[in-house]
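upload.cif follows; it contains mmCIF, C-alpha atoms and all ligand atoms.
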data_model
loop_
_atom_site.label_atom_id
_atom_site.label_comp_id
_atom_site.auth_asym_id
_atom_site.auth_seq_id
_atom_site.Cartn_x
_atom_site.Cartn_y
_atom_site.Cartn_z
CA MET A 404 0.00 0.00 0.00
CA LYS A 405 2.28 2.69 -1.23
CA ASN A 406 0.08 5.13 -3.09
CA ILE A 407 -1.18 7.34 -0.32
CA ALA A 408 -3.62 10.25 -0.08
CA ILE A 409 -4.27 12.64 2.79
CA ALA A 410 -7.69 14.30 2.69
CA GLY A 411 -7.41 17.46 4.79
CA ALA A 412 -3.65 17.75 4.27
CA THR A 413 -3.61 21.51 4.94
CA GLY A 414 -5.28 21.22 8.38
CA ALA A 415 -3.83 21.10 11.89
CA VAL A 416 -3.81 17.28 11.82
CA GLY A 417 -3.06 16.97 8.09
CA ARG A 418 0.26 18.78 8.42
CA GLU A 419 1.28 16.46 11.25
CA PHE A 420 0.81 13.48 8.94
CA LEU A 421 3.50 14.90 6.66
CA LYS A 422 5.96 15.43 9.51
CA LEU A 423 5.37 12.00 11.00
CA MET A 424 5.44 10.06 7.73
CA GLU A 425 8.77 11.68 6.90
CA ALA A 426 10.21 11.04 10.38
CA ARG A 427 9.04 7.41 10.40
CA ASP A 428 10.19 6.61 6.86
CA PHE A 429 6.66 5.65 5.97
CA PRO A 430 6.89 3.75 2.64
CA ILE A 431 5.38 5.88 -0.15
CA ASN A 432 5.47 5.74 -3.95
CA ASN A 433 3.10 8.55 -4.60
CA LEU A 434 1.55 11.04 -2.19
CA LYS A 435 -1.62 12.97 -3.01
CA LEU A 436 -2.50 15.97 -0.86
CA LEU A 437 -6.19 16.85 -0.87
CA ALA A 438 -8.09 19.76 0.68
CA SER A 439 -10.84 22.20 -0.22
CA GLU A 440 -10.82 24.25 -3.40
CA ARG A 441 -9.53 27.15 -1.25
CA SER A 442 -6.17 25.39 -0.97
CA VAL A 443 -5.69 24.48 -4.62
CA GLY A 444 -2.41 26.05 -5.70
CA LYS A 445 -0.82 25.75 -2.25
CA LYS A 446 2.24 23.53 -1.95
CA LEU A 447 3.30 21.51 1.07
CA GLU A 448 6.77 20.11 1.64
CA PHE A 449 7.36 16.39 2.05
CA CYS A 450 10.86 14.86 2.11
CA GLY A 451 12.32 17.96 0.50
CA GLU A 452 9.76 17.96 -2.32
CA GLN A 453 7.03 20.57 -2.86
CA ILE A 454 3.71 18.82 -3.49
CA ALA A 455 0.76 20.75 -4.93
CA VAL A 456 -2.54 20.46 -3.04
CA GLU A 457 -5.44 19.16 -5.12
CA GLU A 458 -9.16 19.55 -4.53
CA LEU A 459 -10.87 16.63 -2.77
CA THR A 460 -13.44 15.21 -5.19
CA PRO A 461 -15.17 11.83 -5.62
CA LYS A 462 -12.57 11.02 -8.32
CA SER A 463 -9.52 11.74 -6.14
CA PHE A 464 -8.91 8.10 -5.23
CA GLN A 465 -8.19 6.30 -8.52
CA GLY A 466 -4.98 4.33 -7.93
CA VAL A 467 -4.79 5.28 -4.24
CA ASP A 468 -4.12 2.28 -1.95
CA LEU A 469 -4.53 4.01 1.40
CA ALA A 470 -6.18 7.31 2.31
CA PHE A 471 -5.98 9.14 5.62
CA PHE A 472 -9.10 11.27 6.04
CA SER A 473 -8.76 14.30 8.26
CA ALA A 474 -11.12 16.86 6.81
CA GLY A 475 -14.08 16.71 9.20
CA LYS A 476 -17.10 14.47 9.59
CA GLY A 477 -19.05 16.05 6.69
CA ARG A 478 -16.27 15.40 4.18
CA SER A 479 -15.81 11.84 5.45
CA ARG A 480 -19.52 11.17 5.04
CA GLU A 481 -19.41 12.61 1.54
CA PHE A 482 -16.16 11.15 0.15
CA VAL A 483 -15.08 8.03 2.08
CA ARG A 484 -17.52 5.76 0.20
CA HIS A 485 -16.09 6.99 -3.13
CA ALA A 486 -12.62 6.08 -1.88
CA VAL A 487 -13.73 2.62 -0.76
CA ASP A 488 -15.49 2.06 -4.11
CA ALA A 489 -12.18 2.87 -5.82
CA GLY A 490 -10.51 0.09 -3.78
CA THR A 491 -8.82 2.43 -1.31
CA VAL A 492 -8.50 1.50 2.37
CA VAL A 493 -9.50 4.51 4.46
CA ILE A 494 -8.26 5.39 7.94
CA ASP A 495 -10.71 8.06 9.07
CA ASN A 496 -9.94 10.60 11.76
CA SER A 497 -13.44 12.01 11.98
CA SER A 498 -16.35 10.78 14.08
CA ALA A 499 -18.37 9.78 10.98
CA PHE A 500 -17.96 5.98 11.30
CA ARG A 501 -16.49 5.40 14.77
CA MET A 502 -19.58 3.84 16.30
CA ASP A 503 -20.60 1.93 13.15
CA PRO A 504 -20.57 -1.76 14.18
CA ASP A 505 -18.94 -2.70 10.84
CA VAL A 506 -16.06 -0.27 11.33
CA PRO A 507 -13.19 -1.16 13.67
CA LEU A 508 -12.11 1.60 16.06
CA VAL A 509 -8.43 1.02 16.62
CA VAL A 510 -5.71 2.03 19.06
CA PRO A 511 -2.71 -0.14 18.16
CA GLU A 512 -1.56 -0.54 21.78
CA ILE A 513 -4.95 -2.05 22.63
CA ASN A 514 -6.75 -3.75 19.76
CA PRO A 515 -4.38 -3.99 16.75
CA HIS A 516 -6.08 -7.24 15.62
CA MET A 517 -9.26 -5.25 14.90
CA ALA A 518 -7.46 -3.30 12.15
CA PHE A 519 -7.64 -6.43 9.96
CA LYS A 520 -11.40 -6.74 10.35
CA HIS A 521 -12.17 -3.76 8.16
CA ASN A 522 -14.49 -3.53 5.18
CA GLY A 523 -12.55 -0.66 3.66
CA ILE A 524 -12.83 1.76 6.59
CA ILE A 525 -10.94 1.87 9.89
CA ALA A 526 -11.84 4.61 12.34
CA ASN A 527 -9.33 6.54 14.41
CA PRO A 528 -10.83 7.36 17.81
CA ASN A 529 -11.43 10.77 19.34
CA CYS A 530 -8.23 12.41 20.63
CA SER A 531 -9.16 12.62 24.33
CA THR A 532 -10.33 9.01 24.22
CA ILE A 533 -7.09 7.66 22.73
CA GLN A 534 -4.75 8.92 25.44
CA MET A 535 -7.15 7.85 28.18
CA VAL A 536 -7.55 4.27 26.90
CA VAL A 537 -3.79 3.85 26.41
CA ALA A 538 -3.49 4.37 30.18
CA LEU A 539 -6.71 2.59 31.20
CA ASN A 540 -6.21 -0.62 29.25
CA PRO A 541 -3.21 -2.10 31.12
CA LEU A 542 -4.84 -1.26 34.47
CA HIS A 543 -8.11 -2.82 33.32
CA LYS A 544 -6.30 -6.01 32.31
CA ALA A 545 -4.67 -6.19 35.74
CA ALA A 546 -7.57 -5.31 38.02
CA THR A 547 -10.80 -4.80 35.98
CA ILE A 548 -11.99 -1.21 35.98
CA ASN A 549 -15.64 -0.83 36.96
CA ARG A 550 -15.90 2.93 36.80
CA VAL A 551 -14.01 5.88 35.35
CA VAL A 552 -14.50 9.58 36.11
CA VAL A 553 -12.44 11.91 33.94
CA SER A 554 -12.01 15.65 33.55
CA THR A 555 -10.14 16.84 30.48
CA TYR A 556 -8.06 19.96 29.88
CA GLN A 557 -8.14 20.15 26.09
CA SER A 558 -5.90 22.38 24.03
CA ALA A 559 -7.02 24.94 21.47
CA SER A 560 -5.58 22.92 18.57
CA GLY A 561 -8.20 20.28 19.30
CA ALA A 562 -10.49 22.64 17.39
CA GLY A 563 -8.11 22.68 14.42
CA ALA A 564 -5.91 25.36 12.91
CA LYS A 565 -8.57 28.01 13.53
CA GLY A 566 -8.59 27.21 17.27
CA MET A 567 -4.83 27.74 17.52
CA ARG A 568 -5.08 30.99 15.58
CA GLU A 569 -7.86 32.25 17.86
CA LEU A 570 -5.89 31.61 21.06
CA LEU A 571 -2.87 33.45 19.63
CA LYS A 572 -4.93 36.35 18.24
CA GLN A 573 -6.87 36.86 21.46
CA THR A 574 -3.67 36.75 23.52
CA GLN A 575 -2.04 39.31 21.23
CA ALA A 576 -5.16 41.53 21.30
CA TRP A 577 -5.24 41.43 25.09
CA VAL A 578 -1.55 42.41 25.30
CA ASN A 579 -2.25 45.31 22.89
CA ASN A 580 -5.36 46.35 24.87
CA GLU A 581 -7.59 45.65 21.86
CA PRO A 582 -11.03 43.96 21.85
CA LEU A 583 -10.96 40.13 21.76
CA GLU A 584 -12.88 38.51 18.92
CA VAL A 585 -14.61 35.17 19.52
CA SER A 586 -15.38 33.02 16.46
CA ALA A 587 -13.81 29.54 16.59
CA PHE A 588 -14.94 28.78 20.15
CA PRO A 589 -18.19 29.29 22.08
CA ALA A 590 -16.44 31.69 24.49
CA GLN A 591 -13.18 33.58 25.01
CA ILE A 592 -10.28 31.13 25.21
CA ALA A 593 -7.35 33.44 26.10
CA PHE A 594 -6.88 33.64 29.90
CA ASN A 595 -10.08 31.62 30.29
CA LEU A 596 -11.47 28.09 30.05
CA PHE A 597 -14.91 26.60 29.44
CA PRO A 598 -16.56 23.22 30.10
CA HIS A 599 -17.94 23.03 26.57
CA VAL A 600 -16.29 20.92 23.84
CA ASP A 601 -18.56 20.07 20.89
CA VAL A 602 -22.34 20.50 21.19
CA PHE A 603 -24.63 19.89 24.18
CA LEU A 604 -26.82 16.78 24.08
CA LYS A 605 -30.22 16.15 25.68
CA ASN A 606 -28.65 14.18 28.57
CA GLY A 607 -26.71 17.26 29.73
CA TYR A 608 -23.34 15.96 28.54
CA THR A 609 -21.54 17.31 25.48
CA ARG A 610 -20.92 15.19 22.39
CA GLU A 611 -17.18 15.14 23.18
CA GLU A 612 -17.98 13.73 26.63
CA MET A 613 -20.21 11.01 25.16
CA LYS A 614 -17.50 10.15 22.60
CA MET A 615 -15.22 9.38 25.55
CA VAL A 616 -17.88 7.10 27.03
CA ASN A 617 -18.93 5.22 23.91
CA GLU A 618 -15.58 4.98 22.15
CA THR A 619 -13.76 3.79 25.29
CA ARG A 620 -16.27 0.97 25.71
CA LYS A 621 -15.91 -0.04 22.06
CA ILE A 622 -12.09 0.05 21.92
CA MET A 623 -11.64 -1.77 25.23
CA ASP A 624 -14.51 -4.15 24.51
CA ALA A 625 -15.99 -3.20 27.88
CA PRO A 626 -19.65 -2.37 27.21
CA GLU A 627 -20.51 -2.33 30.92
CA MET A 628 -17.77 0.05 32.06
CA GLY A 629 -19.20 3.06 33.92
CA ILE A 630 -17.68 6.27 32.54
CA SER A 631 -18.46 9.91 33.20
CA ALA A 632 -16.51 12.72 31.52
CA THR A 633 -16.33 16.50 31.80
CA CYS A 634 -14.50 18.00 28.84
CA VAL A 635 -12.93 21.42 29.30
CA ARG A 636 -11.20 23.63 26.73
CA VAL A 637 -8.14 25.40 28.16
CA PRO A 638 -5.80 28.06 26.76
CA VAL A 639 -3.02 25.60 25.88
CA LEU A 640 -1.91 25.49 22.26
CA ARG A 641 -1.17 21.81 21.91
CA ALA A 642 -1.56 18.54 23.91
CA HIS A 643 -4.51 17.46 26.04
CA SER A 644 -4.32 16.68 29.77
CA GLU A 645 -6.74 14.54 31.79
CA ALA A 646 -7.40 13.97 35.48
CA VAL A 647 -8.65 10.38 35.74
CA TRP A 648 -10.21 8.51 38.69
CA ILE A 649 -10.86 4.79 38.46
CA GLU A 650 -12.54 2.19 40.66
CA THR A 651 -11.23 -1.33 40.14
CA GLU A 652 -12.64 -4.72 41.09
CA ARG A 653 -9.39 -5.66 42.82
CA LYS A 654 -7.46 -3.02 44.76
CA LEU A 655 -4.50 -1.60 42.84
CA THR A 656 -1.86 0.15 44.91
CA PRO A 657 -0.20 3.19 43.35
CA GLN A 658 3.09 1.25 43.28
CA GLU A 659 1.51 -1.68 41.42
CA ALA A 660 -0.19 0.69 38.99
CA ARG A 661 3.11 2.48 38.39
CA GLU A 662 4.87 -0.82 37.62
CA ILE A 663 2.08 -1.91 35.24
CA LEU A 664 2.10 1.42 33.42
CA GLU A 665 5.90 1.49 33.15
CA LYS A 666 5.78 -1.82 31.26
CA ALA A 667 2.79 -0.89 29.09
CA PRO A 668 3.28 -0.01 25.40
CA GLY A 669 3.31 3.66 24.44
CA ILE A 670 3.44 4.98 28.02
CA VAL A 671 6.03 7.00 29.90
CA VAL A 672 5.54 7.33 33.65
CA LYS A 673 6.71 10.66 35.04
CA ASP A 674 5.70 10.66 38.65
CA GLU A 675 7.82 12.48 41.19
CA PRO A 676 6.15 14.53 43.94
CA VAL A 677 8.29 17.60 43.22
CA ALA A 678 7.78 20.75 41.14
CA GLY A 679 7.67 19.69 37.50
CA GLY A 680 7.82 15.98 38.39
CA TYR A 681 4.63 15.35 36.40
CA PRO A 682 3.71 15.53 32.71
CA MET A 683 2.67 18.94 31.33
CA PRO A 684 1.35 19.82 27.86
CA TRP A 685 4.19 22.23 27.07
CA ASP A 686 6.74 19.42 27.53
CA VAL A 687 5.06 16.77 25.37
CA ASP A 688 4.78 18.82 22.16
CA GLU A 689 5.60 16.60 19.17
CA THR A 690 6.26 13.50 21.27
CA VAL A 691 4.76 10.13 20.47
CA GLU A 692 4.13 8.68 23.94
CA THR A 693 1.29 9.04 26.42
CA TYR A 694 2.59 10.39 29.73
CA VAL A 695 1.18 9.40 33.12
CA GLY A 696 1.88 10.98 36.51
CA ARG A 697 0.34 11.93 39.88
CA ILE A 698 -0.52 8.24 40.46
CA ARG A 699 -2.08 8.04 43.92
CA GLU A 700 -4.62 6.24 46.01
CA ASP A 701 -8.08 7.82 45.90
CA PHE A 702 -8.67 7.72 49.64
CA SER A 703 -12.40 8.43 49.17
CA HIS A 704 -12.89 4.87 47.85
CA PRO A 705 -11.41 1.53 49.04
CA ARG A 706 -10.49 0.51 45.47
CA GLY A 707 -9.98 3.95 43.95
CA LEU A 708 -6.94 5.23 42.07
CA ALA A 709 -6.29 8.70 40.65
CA PHE A 710 -3.78 9.78 37.99
CA TRP A 711 -2.95 12.40 35.37
CA VAL A 712 -2.51 11.69 31.64
CA VAL A 713 -0.97 14.02 29.03
CA ALA A 714 -0.35 13.45 25.32
CA ASP A 715 0.14 15.47 22.14
CA GLN A 716 -3.33 15.07 20.69
CA LEU A 717 -2.26 16.12 17.19
CA TYR A 718 0.17 13.18 17.29
CA LYS A 719 -1.14 10.29 19.41
CA GLY A 720 -4.68 11.66 19.40
CA ALA A 721 -4.82 11.91 15.63
CA ALA A 722 -2.09 11.64 12.96
CA LEU A 723 0.28 9.30 14.80
CA ASN A 724 -2.42 6.82 15.83
CA SER A 725 -3.64 6.70 12.20
CA ILE A 726 -0.12 6.08 10.91
CA GLN A 727 0.41 3.39 13.55
CA ILE A 728 -2.77 1.68 12.30
CA ALA A 729 -1.34 1.74 8.77
CA GLU A 730 1.92 0.31 10.11
CA VAL A 731 -0.02 -2.53 11.78
CA LEU A 732 -1.68 -3.31 8.42
CA ALA A 733 1.66 -3.16 6.60
CA ALA A 734 3.30 -5.51 9.10
CA GLY A 735 0.47 -7.99 8.37
N1 LIG A 801 -7.34 18.79 15.95
C1 LIG A 801 -7.31 17.68 16.66
O1 LIG A 801 -6.71 17.60 17.75
C2 LIG A 801 -8.00 16.42 16.17
C3 LIG A 801 -7.79 15.24 16.87
C4 LIG A 801 -8.42 14.08 16.44
C5 LIG A 801 -9.23 14.12 15.33
N2 LIG A 801 -9.41 15.29 14.66
C6 LIG A 801 -10.28 15.26 13.49
O2 LIG A 801 -9.45 15.46 12.34
C7 LIG A 801 -10.19 16.19 11.35
C8 LIG A 801 -9.40 17.43 10.95
O3 LIG A 801 -9.22 18.25 12.09
P1 LIG A 801 -8.20 19.46 12.10
O4 LIG A 801 -8.08 19.83 13.53
O5 LIG A 801 -6.98 19.18 11.31
O6 LIG A 801 -9.08 20.60 11.34
P2 LIG A 801 -8.60 21.85 10.50
O7 LIG A 801 -7.29 22.37 10.98
O8 LIG A 801 -9.77 22.77 10.48
O9 LIG A 801 -8.38 21.26 9.02
C9 LIG A 801 -9.46 20.82 8.25
C10 LIG A 801 -8.95 20.24 6.93
O10 LIG A 801 -10.10 19.83 6.18
C11 LIG A 801 -10.08 20.46 4.91
N3 LIG A 801 -11.43 20.78 4.45
C12 LIG A 801 -12.35 21.56 5.04
N4 LIG A 801 -13.45 21.66 4.28
C13 LIG A 801 -13.21 20.91 3.17
C14 LIG A 801 -13.95 20.65 1.99
N5 LIG A 801 -15.18 21.13 1.79
N6 LIG A 801 -13.38 19.84 1.04
C15 LIG A 801 -12.15 19.35 1.24
N7 LIG A 801 -11.39 19.58 2.31
C16 LIG A 801 -11.91 20.36 3.28
C17 LIG A 801 -9.31 21.74 5.14
O11 LIG A 801 -8.85 22.23 3.90
P3 LIG A 801 -8.65 23.81 3.65
O12 LIG A 801 -7.34 24.17 4.32
O13 LIG A 801 -8.59 23.89 2.18
O14 LIG A 801 -9.82 24.51 4.25
C18 LIG A 801 -8.20 21.24 6.06
O15 LIG A 801 -7.22 20.58 5.32
C19 LIG A 801 -11.56 16.47 11.96
O16 LIG A 801 -12.44 15.45 11.56
C20 LIG A 801 -11.31 16.37 13.44
O17 LIG A 801 -12.46 16.02 14.16
C21 LIG A 801 -8.81 16.44 15.05
#

Output the structure of this file as structure tokens.
Amino acid sequence: MKNIAIAGATGAVGREFLKLMEARDFPINNLKLLASERSVGKKLEFCGEQIAVEELTPKSFQGVDLAFFSAGKGRSREFVRHAVDAGTVVIDNSSAFRMDPDVPLVVPEINPHMAFKHNGIIANPNCSTIQMVVALNPLHKAATINRVVVSTYQSASGAGAKGMRELLKQTQAWVNNEPLEVSAFPAQIAFNLFPHVDVFLKNGYTREEMKMVNETRKIMDAPEMGISATCVRVPVLRAHSEAVWIETERKLTPQEAREILEKAPGIVVKDEPVAGGYPMPWDVDETVETYVGRIREDFSHPRGLAFWVVADQLYKGAALNSIQIAEVLAAG
């Protein structure tokens, strides 16, 4: 599978695909970069070559073996079927197909075998879900998690390139004593935060919060797991952080949890009770691991454990996880 396309190549996630594929020596014969008609004429660099961006159309996929879709749910709904009809395998970053029972939802550290059960489409989970399940899964295997309560601290880039621009523009406007314009987010993001990621649903949760519930259960094959999430947007440019509380069937001591996590794939434990002895978003920029710290007993529950998880969501939460899925397929 060496003829590759990226739909949404000019976006916050799309550009990370280029960096990561180059850094990982991803095998490519031909690379097609697709975006909206607004981007036609732009060129993006890959391995020292300038590649012209083409418009995403139903005909974009002739001769394409593998397409990474990262252009939003609407575009995935509109174009993924055309790609599959052309014989292309699609790894989709949007939420369009994640909960479709015929579409595997894959995090390679957890369920790589599911990648092979595709009918043309493999879904990449939501960014806040990926980093949480990477940490939850080894603990679940060891002690069976019954319940998870999580609060997220999600960066501005989670809302794409326009979210990053808005945080920077508002910060600059505030420094220059100018009015702050709000357009990408539901409220001011600079020097502020809000418990509102994606739209509100009838049950009082937001759609982002329910993605964390439903996708976690699907990836971990744990339909009964109790999960409650509060998703918060914070004025951080890149990388999401999460405060996670779990209740397990068997008591896990912090030391045991630390040892399990240290051995688990894709995880770095950074857990010293000193200033800076914990993962922070600024430090994990453009890193591929999921970082865990602040591992401690939740003394409000006899089998409770609390910890802190940080990862670069443009990497592990999006482009990197998709590329790792492709690498699983390539390794057969
Ligand atoms: N940001 C994250 O942390 C993150 C994490 C996980 C998953 N995702 C998912 O990844 C996808 C992309 O997110 P992003 O953050 O990269 O967004 P973004 O920065 O807004 O980029 C969107 C991309 O989609 C393209 N696009 C928009 N409308 C299009 C159209 N009508 N036809 C063709 N291409 C079109 C854009 O092209 P133009 O430049 O030409 O407009 C751009 O390349 C979304 O589905 C998002 O939910 C994002």

Next on the checklist: Give me, as a ChimeraX atom specification, the set of residues whose atoms come within 7 Å of any atom of ligand LIG 801 (chain A), counting only C-alpha atoms and all ligand atoms.
Outcome noted: /A:410-417,437-442,458-459,473-476,478,496-498,529-530,560-565,716-717,720-721

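Distances here use only C-alpha atoms; by that measure, the residue among A:Ile663, A:Ile494, A:Leu469, A:Leu655 closest to Ala722 in chain A is A:Ile494.
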
Checklist entry - Which is closer to Gly607 in chain A than all the others in A:Ala526, A:Leu508, A:Ala632, A:Val493, using only C-alpha atoms? => result A:Ala632

Next on the checklist: Just the number, please: distance in Å from CA of Thr491 in chain A to CA of Pro528 in chain A, one decimal.
Outcome noted: 19.8 Å

Item to check | Long-range neighbours of Thr609 in chain A as a list of chain:residue names, 8 Å cut-off, only C-alpha atoms, 5 positions minimum in chain | outcome: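 Surrounding residues, per the criterion: A:His599, A:Val600, A:Asp601, A:Val602, A:Phe603, A:Leu604, A:Cys634.
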
Could you pull range 540-609 of chain A out of the block above and save it with C-alpha atoms, as a compact mmCIF listing (two decimals), in the first residue's frame?
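Done, and the output landed in result_19.txt:
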# COMPACT_ATOMS: atom_id res chain seq x y z
CA ASN A 540 -6.21 -0.62 29.25
CA PRO A 541 -3.21 -2.10 31.12
CA LEU A 542 -4.84 -1.26 34.47
CA HIS A 543 -8.11 -2.82 33.32
CA LYS A 544 -6.30 -6.01 32.31
CA ALA A 545 -4.67 -6.19 35.74
CA ALA A 546 -7.57 -5.31 38.02
CA THR A 547 -10.80 -4.80 35.98
CA ILE A 548 -11.99 -1.21 35.98
CA ASN A 549 -15.64 -0.83 36.96
CA ARG A 550 -15.90 2.93 36.80
CA VAL A 551 -14.01 5.88 35.35
CA VAL A 552 -14.50 9.58 36.11
CA VAL A 553 -12.44 11.91 33.94
CA SER A 554 -12.01 15.65 33.55
CA THR A 555 -10.14 16.84 30.48
CA TYR A 556 -8.06 19.96 29.88
CA GLN A 557 -8.14 20.15 26.09
CA SER A 558 -5.90 22.38 24.03
CA ALA A 559 -7.02 24.94 21.47
CA SER A 560 -5.58 22.92 18.57
CA GLY A 561 -8.20 20.28 19.30
CA ALA A 562 -10.49 22.64 17.39
CA GLY A 563 -8.11 22.68 14.42
CA ALA A 564 -5.91 25.36 12.91
CA LYS A 565 -8.57 28.01 13.53
CA GLY A 566 -8.59 27.21 17.27
CA MET A 567 -4.83 27.74 17.52
CA ARG A 568 -5.08 30.99 15.58
CA GLU A 569 -7.86 32.25 17.86
CA LEU A 570 -5.89 31.61 21.06
CA LEU A 571 -2.87 33.45 19.63
CA LYS A 572 -4.93 36.35 18.24
CA GLN A 573 -6.87 36.86 21.46
CA THR A 574 -3.67 36.75 23.52
CA GLN A 575 -2.04 39.31 21.23
CA ALA A 576 -5.16 41.53 21.30
CA TRP A 577 -5.24 41.43 25.09
CA VAL A 578 -1.55 42.41 25.30
CA ASN A 579 -2.25 45.31 22.89
CA ASN A 580 -5.36 46.35 24.87
CA GLU A 581 -7.59 45.65 21.86
CA PRO A 582 -11.03 43.96 21.85
CA LEU A 583 -10.96 40.13 21.76
CA GLU A 584 -12.88 38.51 18.92
CA VAL A 585 -14.61 35.17 19.52
CA SER A 586 -15.38 33.02 16.46
CA ALA A 587 -13.81 29.54 16.59
CA PHE A 588 -14.94 28.78 20.15
CA PRO A 589 -18.19 29.29 22.08
CA ALA A 590 -16.44 31.69 24.49
CA GLN A 591 -13.18 33.58 25.01
CA ILE A 592 -10.28 31.13 25.21
CA ALA A 593 -7.35 33.44 26.10
CA PHE A 594 -6.88 33.64 29.90
CA ASN A 595 -10.08 31.62 30.29
CA LEU A 596 -11.47 28.09 30.05
CA PHE A 597 -14.91 26.60 29.44
CA PRO A 598 -16.56 23.22 30.10
CA HIS A 599 -17.94 23.03 26.57
CA VAL A 600 -16.29 20.92 23.84
CA ASP A 601 -18.56 20.07 20.89
CA VAL A 602 -22.34 20.50 21.19
CA PHE A 603 -24.63 19.89 24.18
CA LEU A 604 -26.82 16.78 24.08
CA LYS A 605 -30.22 16.15 25.68
CA ASN A 606 -28.65 14.18 28.57
CA GLY A 607 -26.71 17.26 29.73
CA TYR A 608 -23.34 15.96 28.54
CA THR A 609 -21.54 17.31 25.48
